[in-house]
Every structure is written in C-alpha cells, then in structure tokens.
file protein-v5.cif (mmCIF, C-alpha atoms and all ligand atoms)
data_start
#
loop_
_atom_site.label_atom_id
_atom_site.label_comp_id
_atom_site.auth_asym_id
_atom_site.auth_seq_id
_atom_site.Cartn_x
_atom_site.Cartn_y
_atom_site.Cartn_z
CA ASP O 1 34.06 1.79 -42.40
CA SER O 2 32.36 4.98 -43.51
CA SER O 3 30.59 5.70 -40.25
CA ASP O 4 30.53 9.27 -39.06
CA LYS O 5 32.51 9.72 -35.88
CA SER O 6 32.37 13.22 -34.56
CA SER O 7 34.10 13.02 -31.22
CA ASP O 8 36.60 15.38 -29.75
CA SER O 9 38.99 13.27 -27.75
CA SER O 10 40.86 16.32 -26.48
CA SER O 11 38.03 17.47 -24.25
CA SER O 12 38.29 15.30 -21.20
CA SER O 13 37.69 17.85 -18.47
CA ASP O 14 35.66 16.49 -15.58
CA ASP O 15 32.38 18.29 -16.20
CA VAL O 16 32.16 17.18 -19.84
CA ILE O 17 29.75 14.29 -20.25
CA THR O 18 30.79 11.80 -22.88
CA VAL O 19 27.92 10.22 -24.77
CA GLY O 20 28.19 7.47 -27.36
CA PHE O 21 25.19 7.39 -29.69
CA SER O 22 24.63 4.40 -31.95
CA GLN O 23 22.23 5.58 -34.64
CA VAL O 24 20.34 3.21 -36.97
CA GLY O 25 21.39 4.89 -40.20
CA ALA O 26 20.16 7.60 -42.54
CA GLU O 27 17.29 5.75 -44.21
CA SER O 28 14.66 8.48 -43.95
CA ASP O 29 13.97 12.19 -43.45
CA TRP O 30 12.75 11.29 -39.98
CA ARG O 31 16.11 9.72 -39.20
CA THR O 32 18.01 12.77 -40.49
CA ALA O 33 15.94 15.03 -38.24
CA ASN O 34 16.54 12.67 -35.32
CA SER O 35 20.32 12.66 -35.85
CA GLN O 36 20.34 16.44 -36.09
CA SER O 37 18.37 16.75 -32.86
CA MET O 38 20.85 14.52 -31.05
CA LYS O 39 23.85 16.40 -32.46
CA ASP O 40 22.36 19.80 -31.59
CA THR O 41 21.60 18.71 -28.03
CA PHE O 42 24.78 16.82 -27.22
CA SER O 43 27.06 19.57 -28.47
CA LYS O 44 30.30 20.84 -27.03
CA GLU O 45 28.61 24.15 -26.14
CA ASN O 46 26.12 22.23 -24.04
CA GLY O 47 28.91 20.41 -22.21
CA TYR O 48 28.97 17.10 -24.06
CA ASP O 49 31.43 15.10 -26.02
CA LEU O 50 29.31 13.15 -28.51
CA ILE O 51 30.61 10.09 -30.30
CA PHE O 52 28.12 9.58 -33.12
CA ASP O 53 28.07 6.29 -35.00
CA ASP O 54 25.89 5.63 -38.06
CA ALA O 55 25.28 1.87 -38.32
CA GLN O 56 23.86 1.93 -41.85
CA GLN O 57 20.83 -0.13 -40.81
CA LYS O 58 23.02 -3.04 -39.63
CA GLN O 59 22.77 -4.47 -36.14
CA GLU O 60 26.32 -5.86 -36.23
CA ASN O 61 27.62 -2.32 -36.75
CA GLN O 62 25.62 -1.17 -33.74
CA ILE O 63 27.08 -3.94 -31.59
CA THR O 64 30.59 -2.97 -32.69
CA ALA O 65 29.85 0.70 -31.91
CA ILE O 66 28.59 -0.13 -28.42
CA ARG O 67 31.70 -2.20 -27.73
CA ASN O 68 33.83 0.76 -28.81
CA PHE O 69 31.86 3.06 -26.52
CA ILE O 70 32.48 0.67 -23.62
CA GLN O 71 36.18 0.59 -24.41
CA GLN O 72 36.28 4.39 -24.51
CA GLU O 73 34.57 4.46 -21.13
CA VAL O 74 31.82 6.85 -22.17
CA ASP O 75 29.52 8.18 -19.43
CA TYR O 76 26.31 7.20 -21.25
CA ILE O 77 25.40 5.00 -24.18
CA LEU O 78 22.45 6.06 -26.31
CA LEU O 79 21.11 3.37 -28.61
CA ALA O 80 18.53 3.73 -31.38
CA PRO O 81 18.19 0.01 -32.13
CA VAL O 82 17.48 -1.12 -35.69
CA THR O 83 15.48 -4.14 -34.55
CA GLU O 84 14.08 -5.19 -31.18
CA THR O 85 15.89 -8.49 -30.62
CA GLY O 86 19.54 -9.50 -30.34
CA TRP O 87 20.76 -7.04 -27.72
CA ASP O 88 21.14 -9.15 -24.58
CA THR O 89 24.86 -9.89 -24.87
CA VAL O 90 26.17 -6.45 -25.70
CA LEU O 91 23.86 -4.70 -23.22
CA GLN O 92 25.10 -7.08 -20.54
CA GLU O 93 28.63 -5.96 -21.41
CA ALA O 94 27.59 -2.31 -20.95
CA LYS O 95 25.93 -3.16 -17.65
CA ASP O 96 29.05 -4.98 -16.45
CA ALA O 97 31.02 -1.84 -17.30
CA ASP O 98 28.52 0.23 -15.26
CA ILE O 99 27.57 2.41 -18.20
CA PRO O 100 23.92 3.48 -18.22
CA VAL O 101 22.16 2.78 -21.52
CA ILE O 102 19.33 4.96 -22.76
CA ILE O 103 17.28 3.44 -25.58
CA VAL O 104 16.01 6.05 -28.03
CA ASP O 105 13.18 5.79 -30.60
CA ARG O 106 12.68 2.06 -31.22
CA MET O 107 12.49 -0.45 -28.38
CA VAL O 108 14.65 -3.43 -27.40
CA ASP O 109 13.22 -6.81 -26.50
CA VAL O 110 15.56 -8.16 -23.81
CA SER O 111 15.22 -10.98 -21.30
CA ASP O 112 16.10 -8.69 -18.41
CA ASP O 113 14.86 -5.09 -18.31
CA SER O 114 17.73 -4.02 -16.10
CA LEU O 115 19.95 -4.26 -19.19
CA TYR O 116 18.90 -0.71 -20.03
CA THR O 117 18.21 2.27 -17.79
CA THR O 118 15.36 3.95 -19.59
CA TRP O 119 13.65 4.36 -22.98
CA ILE O 120 12.34 7.41 -24.79
CA GLY O 121 10.37 7.03 -27.99
CA THR O 122 7.08 6.83 -29.76
CA ASP O 123 4.11 4.51 -29.42
CA ALA O 124 4.18 2.78 -32.80
CA LEU O 125 1.28 0.46 -31.97
CA CYS O 126 -0.89 3.40 -31.00
CA GLU O 127 0.15 5.16 -34.21
CA GLY O 128 -0.98 2.16 -36.26
CA ARG O 129 -4.27 2.00 -34.40
CA LYS O 130 -4.88 5.71 -35.00
CA ALA O 131 -4.34 5.24 -38.73
CA ALA O 132 -6.68 2.23 -38.82
CA GLU O 133 -9.38 4.04 -36.87
CA TRP O 134 -9.02 7.02 -39.18
CA LEU O 135 -9.51 4.75 -42.22
CA ASN O 136 -12.59 3.20 -40.66
CA GLY O 137 -14.02 6.62 -39.84
CA PHE O 138 -13.37 7.81 -43.37
CA ALA O 139 -14.94 4.73 -44.99
CA GLU O 140 -18.01 4.97 -42.76
CA ALA O 141 -18.48 8.68 -43.49
CA LYS O 142 -18.22 8.05 -47.24
CA GLY O 143 -20.38 4.91 -47.20
CA ILE O 144 -17.60 2.67 -48.51
CA ALA O 145 -18.10 -0.99 -47.63
CA ALA O 146 -15.26 -2.73 -45.80
CA SER O 147 -15.12 -5.39 -48.51
CA ASP O 148 -14.41 -2.64 -51.08
CA ILE O 149 -11.26 -1.55 -49.27
CA HIS O 150 -8.22 -3.27 -50.75
CA ILE O 151 -5.07 -2.44 -48.84
CA ALA O 152 -1.38 -2.74 -49.71
CA ASP O 153 0.87 -2.50 -46.66
CA ILE O 154 4.39 -1.27 -47.39
CA GLN O 155 6.07 -2.23 -44.15
CA GLY O 156 9.06 -0.71 -42.40
CA THR O 157 12.27 -2.52 -41.51
CA ILE O 158 11.06 -5.94 -40.41
CA GLY O 159 11.57 -6.49 -36.69
CA SER O 160 11.82 -2.79 -35.81
CA THR O 161 9.40 -1.39 -33.25
CA ALA O 162 8.05 1.10 -35.79
CA GLN O 163 7.22 -1.75 -38.20
CA ILE O 164 5.89 -4.15 -35.57
CA GLY O 165 3.53 -1.59 -34.07
CA ARG O 166 2.30 -0.02 -37.29
CA THR O 167 1.74 -3.40 -38.97
CA LYS O 168 -0.09 -4.69 -35.91
CA GLY O 169 -2.32 -1.62 -35.74
CA LEU O 170 -3.34 -2.20 -39.34
CA GLU O 171 -3.85 -5.95 -38.90
CA GLU O 172 -6.09 -5.30 -35.90
CA GLY O 173 -8.16 -2.98 -38.10
CA VAL O 174 -8.35 -5.64 -40.80
CA ASP O 175 -9.64 -8.19 -38.25
CA LYS O 176 -12.04 -5.73 -36.68
CA TYR O 177 -13.55 -4.19 -39.80
CA GLY O 178 -13.10 -6.88 -42.46
CA TRP O 179 -10.99 -4.96 -44.97
CA ASP O 180 -9.15 -6.85 -47.69
CA LEU O 181 -5.39 -6.87 -46.99
CA VAL O 182 -4.07 -7.55 -50.48
CA ALA O 183 -0.32 -7.56 -49.95
CA GLN O 184 2.37 -6.87 -47.38
CA GLN O 185 6.03 -6.30 -48.12
CA THR O 186 8.84 -4.31 -46.57
CA GLY O 187 10.00 -1.04 -48.11
CA GLU O 188 12.85 -0.78 -45.55
CA PHE O 189 11.63 2.73 -44.61
CA THR O 190 13.28 4.14 -47.77
CA GLN O 191 11.86 6.03 -50.71
CA ALA O 192 13.64 3.86 -53.30
CA LYS O 193 12.36 0.59 -51.85
CA GLY O 194 8.89 2.05 -51.31
CA GLN O 195 8.71 2.90 -54.99
CA GLU O 196 10.02 -0.50 -56.07
CA VAL O 197 7.56 -2.39 -53.86
CA MET O 198 4.60 -0.28 -54.99
CA GLU O 199 5.57 -0.77 -58.62
CA SER O 200 5.60 -4.54 -58.31
CA MET O 201 2.40 -4.65 -56.23
CA LEU O 202 0.56 -2.59 -58.86
CA LYS O 203 1.70 -5.03 -61.52
CA GLN O 204 0.55 -7.99 -59.46
CA TYR O 205 -2.81 -6.68 -58.18
CA ASP O 206 -5.23 -4.43 -59.99
CA ASN O 207 -7.61 -3.77 -57.10
CA ILE O 208 -5.39 -1.93 -54.59
CA ASN O 209 -7.12 1.30 -53.53
CA VAL O 210 -5.42 2.04 -50.21
CA VAL O 211 -1.66 2.09 -49.61
CA TYR O 212 -0.60 1.99 -46.00
CA CYS O 213 2.99 3.23 -45.98
CA GLU O 214 4.78 2.74 -42.69
CA ASN O 215 6.73 5.99 -43.13
CA ASP O 216 6.70 9.13 -45.29
CA ASN O 217 9.70 8.21 -47.42
CA GLU O 218 8.01 4.99 -48.49
CA ALA O 219 4.92 7.09 -49.26
CA PHE O 220 6.96 9.43 -51.50
CA GLY O 221 8.22 6.41 -53.44
CA ALA O 222 4.76 4.81 -53.58
CA ILE O 223 3.21 8.03 -54.91
CA ASP O 224 5.84 8.16 -57.67
CA ALA O 225 5.09 4.54 -58.59
CA ILE O 226 1.32 5.12 -58.62
CA GLU O 227 1.64 8.18 -60.83
CA ALA O 228 4.13 6.45 -63.13
CA ALA O 229 1.55 3.68 -63.58
CA GLY O 230 -0.90 6.31 -64.82
CA LYS O 231 -3.07 6.24 -61.69
CA THR O 232 -4.12 9.03 -59.37
CA VAL O 233 -3.57 9.34 -55.64
CA GLY O 234 -6.53 10.70 -53.71
CA SER O 235 -9.52 9.89 -51.57
CA ASP O 236 -12.04 8.87 -54.24
CA ILE O 237 -11.24 5.20 -53.85
CA ALA O 238 -14.64 4.07 -55.11
CA ASN O 239 -13.73 5.62 -58.48
CA GLY O 240 -10.21 4.42 -59.14
CA GLU O 241 -8.09 6.70 -56.96
CA ILE O 242 -5.54 5.21 -54.60
CA MET O 243 -5.47 6.57 -51.08
CA VAL O 244 -2.13 6.97 -49.30
CA ILE O 245 -1.87 6.71 -45.52
CA SER O 246 1.49 7.41 -43.90
CA PHE O 247 3.48 8.08 -40.72
CA ASP O 248 6.10 10.61 -39.55
CA THR O 249 4.64 13.99 -40.64
CA THR O 250 7.93 15.17 -42.09
CA HIS O 251 7.86 18.59 -43.82
CA ALA O 252 7.49 17.00 -47.23
CA GLY O 253 4.91 14.57 -45.85
CA LEU O 254 2.73 17.38 -44.52
CA GLN O 255 3.09 19.20 -47.83
CA ASP O 256 1.72 16.05 -49.50
CA VAL O 257 -1.17 16.07 -47.03
CA LEU O 258 -1.91 19.68 -48.00
CA ASP O 259 -1.76 18.71 -51.67
CA GLY O 260 -4.06 15.73 -51.14
CA LYS O 261 -1.41 13.19 -52.11
CA ILE O 262 -1.26 11.75 -48.62
CA GLU O 263 -4.75 11.53 -47.13
CA CYS O 264 -3.78 10.87 -43.51
CA ASP O 265 -0.37 11.24 -41.85
CA VAL O 266 0.16 10.11 -38.26
CA GLU O 267 2.76 12.12 -36.39
CA CYS O 268 5.97 10.55 -35.15
CA ASN O 269 8.17 13.13 -33.51
CA PRO O 270 11.95 12.73 -34.14
CA LEU O 271 13.23 15.46 -31.81
CA HIS O 272 14.47 13.17 -29.07
CA GLY O 273 17.71 15.06 -28.26
CA PRO O 274 16.27 17.34 -25.55
CA ARG O 275 14.21 14.46 -24.15
CA ALA O 276 17.26 12.22 -23.85
CA GLU O 277 19.18 15.09 -22.26
CA GLU O 278 16.47 15.59 -19.66
CA LEU O 279 16.80 11.94 -18.68
CA ILE O 280 20.59 12.26 -18.43
CA LYS O 281 20.26 15.36 -16.25
CA LYS O 282 17.98 13.50 -13.87
CA LEU O 283 20.34 10.54 -13.75
CA GLU O 284 23.26 12.90 -13.10
CA ALA O 285 21.30 14.40 -10.21
CA GLY O 286 20.66 10.92 -8.83
CA GLU O 287 16.92 11.16 -9.48
CA ASP O 288 14.68 8.31 -10.55
CA VAL O 289 13.51 8.17 -14.13
CA ASP O 290 10.56 6.30 -15.62
CA LYS O 291 11.48 3.15 -17.50
CA LEU O 292 9.25 3.95 -20.48
CA ASN O 293 8.78 7.49 -21.74
CA TYR O 294 6.22 7.82 -24.54
CA VAL O 295 5.96 11.00 -26.58
CA ASP O 296 2.47 12.39 -27.35
CA GLU O 297 1.63 12.67 -31.02
CA GLU O 298 -1.07 14.03 -33.34
CA ILE O 299 -2.78 13.09 -36.60
CA PHE O 300 -3.10 15.20 -39.73
CA ALA O 301 -5.50 14.62 -42.61
CA HIS O 302 -6.18 16.25 -45.95
CA ASP O 303 -9.75 17.10 -44.99
CA ASP O 304 -12.06 17.12 -42.00
CA THR O 305 -14.11 14.02 -42.84
CA VAL O 306 -12.85 12.39 -39.64
CA LYS O 307 -12.69 14.79 -36.70
CA SER O 308 -11.23 12.50 -34.06
CA VAL O 309 -10.28 8.88 -33.49
CA LYS O 310 -10.36 6.65 -30.45
CA ALA O 311 -7.34 4.41 -29.99
CA THR O 312 -5.75 2.38 -27.21
CA ASN O 313 -2.10 3.13 -26.50
CA SER O 314 0.59 0.70 -25.37
CA LEU O 315 -0.16 1.53 -21.73
CA ASP O 316 -3.68 0.18 -22.37
CA GLU O 317 -5.36 3.56 -22.05
CA GLU O 318 -8.14 4.33 -24.51
CA LYS O 319 -7.81 7.92 -25.71
CA ASP O 320 -9.43 10.34 -28.12
CA PHE O 321 -7.13 12.00 -30.62
CA ASP O 322 -8.24 15.05 -32.58
CA VAL O 323 -7.50 14.98 -36.28
CA THR O 324 -6.07 18.24 -37.63
CA PRO O 325 -7.31 18.95 -41.17
CA LEU O 326 -4.81 20.57 -43.56
CA THR O 327 -7.06 21.87 -46.27
O1 LIG F 1 9.09 6.32 -38.70
C1 LIG F 1 11.03 6.05 -39.99
C2 LIG F 1 12.42 5.78 -39.62
O2 LIG F 1 11.85 4.30 -35.84
C3 LIG F 1 10.09 5.83 -35.63
O3 LIG F 1 12.30 4.95 -38.47
C4 LIG F 1 11.30 5.43 -36.38
C5 LIG F 1 11.06 5.20 -37.86
C6 LIG F 1 10.45 6.33 -38.65
O4 LIG F 1 13.18 5.30 -40.61
O5 LIG F 1 10.88 7.10 -40.89
#

call {"tool": "encode", "arguments": {"input": "protein-v5.cif", "output": "structure tokens"}}
result
Amino acid sequence: DSSDKSSDSSSSSDDVITVGFSQVGAESDWRTANSQSMKDTFSKENGYDLIFDDAQQKQENQITAIRNFIQQEVDYILLAPVTETGWDTVLQEAKDADIPVIIVDRMVDVSDDSLYTTWIGTDALCEGRKAAEWLNGFAEAKGIAASDIHIADIQGTIGSTAQIGRTKGLEEGVDKYGWDLVAQQTGEFTQAKGQEVMESMLKQYDNINVVYCENDNEAFGAIDAIEAAGKTVGSDIANGEIMVISFDTTHAGLQDVLDGKIECDVECNPLHGPRAEELIKKLEAGEDVDKLNYVDEEIFAHDDTVKSVKATNSLDEEKDFDVTPLT
C-alpha cells in the first residue's frame, strides 16, 4: 500500500477537527492542484488533522479508506469519488457511524441522498455543453459545414461525473448540429493514455479534424501524438489542421491556448479546499447547507471568433457565458 497518509495522531485536543479525505489519485495536473488545495486548507495551523488517502484511481481503495476513517472516528469524511456508482454500502456505514460525508468534485449516484451531507464540485454537463456550443459558434463563423467536422472524443475515466457530463455535452451537440463523431475512447484523464489513444485513432481514421479531450492532460498527450504523426494542431480544420478542445484550464493548458495548440479550454476549478471548509464551518455552527454546490466557471479560447456561448446548466438554467480570448 503506497498511499500517502499524512495524519498526526498525537493531536487529539478537542478543538481540532479530524478530516479523512479519500482522493481519487494523481492522474492529472488538475488532481494535483486539488490535492494541494485540500492539504493547504485542512492544515494543522488551520486547526485540522487531515488523513489524506490517495486511492490510485481504484474504487476499492476508496472504500477501504472510508472504512478506516470510520474506524478512526474522524469528524468528517471528504470523498472525491472516482466513479458515480457503487457507494451505497460504505456510505451507509458512515451514516450509521454518524459521520457527515462531504462529496467533493465528482458526484455519487446513490439510492438515498441522505447518504451524504452535501456536495461541492463542478458542472461537467454544462462544461461539455459550453464546449459544444463554442465549436458550433466557431464553425458557423468560419463557414464550415457540420458534415465537414470529424470529431475524435478522448473520454475521461468511464463512469466518472467529469466523463459522463463532458461526453454527454458533446453528444448533444452531435445530435443537434449533425457533426460526424468518428471515434470515442477513454484516455483515463492521463497524458500517457491520451497520447496512446490519439496515436491509434490517427492510424485508424484519416479524416479526424477535431479532438475533444476531456481534460488538459489528455490534450497534452494528443498534441504530442498529432505532431509525431507529422500533422499540425490549429484552427484551420478545412485545410488539414486538427483542432484541440479541452477542459480544466491548468497553467500548461492555458499556455497551449495562448500558443494556439488548444483552441478552446473550458475552465474546471480545482481549488475546492476553502469551499469544503466553508461547508464544514457551517455544519459546525449547526447551520443548514445546500445539498448541491456548483462552482461558476469560464471559457478561454485562442482567439475571439466566438464571443459568448449559451448553455443550459445542470439546474436547468440557460445562461450566457463570455469567452475570454487569449491572443
Ligand atoms: O477534469 C481531470 C481530473 O473530476 C473534474 O478529474 C475532475 C477531473 C478533471 O482527472 O483533469
């Protein structure tokens, strides 16, 4: 077991709040930033004793971690679930032990919503819709016919909220606008798998001109594969370039937007530590908290072809989102 446990069992004074955090893994830059945010927030200086467990992208490791947290009688369990399903049993155990569970980042799909206290995270479906609307706006502005748009979708971890929402947003766009969805395969949210999948898709299909990467690390791998195949990433898709669309807006991702390697990057904010702490403070004060807490996010593009997009979020509100050009 190589998981990273950074607890201090000696600090058991009454005002210290013990928090067990089951993290998905370290698959992406986004995830690294998310872990750092949680560690910075739930620090000893801030009055917490954090037990951090890295599950290495495996649900069974997360279930084991949660059971350990229950045994250690932590005050709160924070869970960033790898996939949506399969949590009923262990969350029931936490509930029976009277330990509030805060779901962070991805969502859980449970039969009974009282199995968790609250959720804080991003609206992955809305993110996918923003990307699709951006692509439609771009194609319309450039006079590119829908039937000339040939998309490869490098999906995230199958069954994770981020994958489900982003894939669905794209598929809705395909239905609505009539684009050609050439291939779909998971890149597990990693750079290595993103590269591998892009490589094999390029060998199999010669007409791909848009790559929809469900996170930045997959995009980095896809860009490497495209360039290694002697092709160019960029927006001139009518003349042989391959356009990369991505999610997360990591530092390196935004640099690629500036450089015109990623054409559109939809923000997904990883800094959930302070947001989770705010929820804990309210719970400590006996206040009510909302069940679902969505974080607002932006869109960045390499140029200003598309100035704003209209998209419906998961609360069924249609909203306008400004696109920030990074030229
Ligand atoms: O986009 C990806 C990470 O669940 C929103 O997981 C998160 C996603 C994020 O691996 O980079």

call {"tool": "residues_around", "arguments": {"input": "protein-v5.cif", "residues": "O:Asp40", "least_positions_apart": "5", "cutoff": "12 Å", "atoms": "only C-alpha atoms", "output": "number ranges by chain"}}
result
O: 33-35, 45-50, 52, 271-274, 276-277

call {"tool": "closest_residue", "arguments": {"input": "protein-v5.cif", "among": "O:Ile66, O:Ile103, O:Ile208, O:Ala162", "to": "O:Leu181", "atoms": "only C-alpha atoms"}}
result
O:Ile208

call {"tool": "closest_residue", "arguments": {"input": "protein-v5.cif", "among": "O:Lys130, O:His302, O:Arg67, O:Arg166", "to": "ligand LIG 1 (chain F)", "atoms": "all atoms listed in the file"}}
result
O:Arg166

call {"tool": "residues_near_ligand", "arguments": {"input": "protein-v5.cif", "ligand": "ligand LIG 1 (chain F)", "cutoff": "8 Å", "atoms": "all atoms listed in the file", "output": "number ranges by chain"}}
result
O: 26-31, 82, 105-106, 121-122, 124, 156-157, 160-163, 188-190, 214-217, 247-248, 268-270

call {"tool": "atom_distance", "arguments": {"input": "protein-v5.cif", "atom1": "atom CA of O:Ala94", "atom2": "atom CA of O:Gly165"}}
result
27.4 Å

call {"tool": "closest_residue", "arguments": {"input": "protein-v5.cif", "among": "O:Glu317, O:Asp180, O:Asp123, O:Asp53", "to": "O:Ile164", "atoms": "all atoms listed in the file"}}
result
O:Asp123

call {"tool": "closest_residue", "arguments": {"input": "protein-v5.cif", "among": "O:Val101, O:Ala55, O:Met201, O:Ala80", "to": "O:Leu283", "atoms": "all atoms listed in the file"}}
result
O:Val101

call {"tool": "closest_residue", "arguments": {"input": "protein-v5.cif", "among": "O:Gln62, O:Ser314, O:Ser111, O:Gln92", "to": "O:Leu292", "atoms": "only C-alpha atoms"}}
result
O:Ser314

call {"tool": "closest_residue", "arguments": {"input": "protein-v5.cif", "among": "O:Gly178, O:Lys95, O:Ile242, O:Ala131", "to": "O:Ala145", "atoms": "only C-alpha atoms"}}
result
O:Gly178

call {"tool": "residues_around", "arguments": {"input": "protein-v5.cif", "residues": "O:Ala97", "least_positions_apart": "4", "cutoff": "9 Å", "atoms": "all atoms listed in the file", "output": "PyMOL selection string"}}
result
chain O and resi 70+73+92-93

call {"tool": "atom_distance", "arguments": {"input": "protein-v5.cif", "atom1": "atom CA of O:Gly159", "atom2": "atom CA of O:Val24"}}
result
13.1 Å

call {"tool": "residues_around", "arguments": {"input": "protein-v5.cif", "residues": "O:Leu258", "least_positions_apart": "5", "cutoff": "9 Å", "atoms": "only C-alpha atoms", "output": "PyMOL selection string"}}
result
chain O and resi 253+263+301-303+325-327

call {"tool": "atom_distance", "arguments": {"input": "protein-v5.cif", "atom1": "atom CA of O:Thr83", "atom2": "atom CA of O:Gln59"}}
result
7.5 Å

call {"tool": "residues_near_point", "arguments": {"input": "protein-v5.cif", "point": "(21.8, -4.4, -21.2)", "cutoff": "10 Å", "atoms": "all atoms listed in the file", "output": "ChimeraX atom specification"}}
result
/O:87-96,99-102,108,110-117

call {"tool": "residues_near_point", "arguments": {"input": "protein-v5.cif", "point": "(-0.4, 9.5, -44.8)", "cutoff": "6 Å", "atoms": "all atoms listed in the file", "output": "list in words"}}
result
Val244, Ile245, Ser246, Phe247, Ile262, Glu263, Cys264 and Asp265 of chain O

call {"tool": "axis_aligned_box", "arguments": {"input": "protein-v5.cif", "around": "stretch 165-168 of chain O", "padding_each_side": "4 Å", "output": "AutoDock Vina command-line options"}}
result
--center_x 1.7 --center_y -2.4 --center_z -36.5 --size_x 11.6 --size_y 12.7 --size_z 12.9

call {"tool": "residues_around", "arguments": {"input": "protein-v5.cif", "residues": "stretch 222-226 of chain O", "least_positions_apart": "2", "cutoff": "6 Å", "atoms": "all atoms listed in the file", "output": "MDAnalysis selection string"}}
result
chainID O and resid 194:195 198:199 219:220 228:229 231
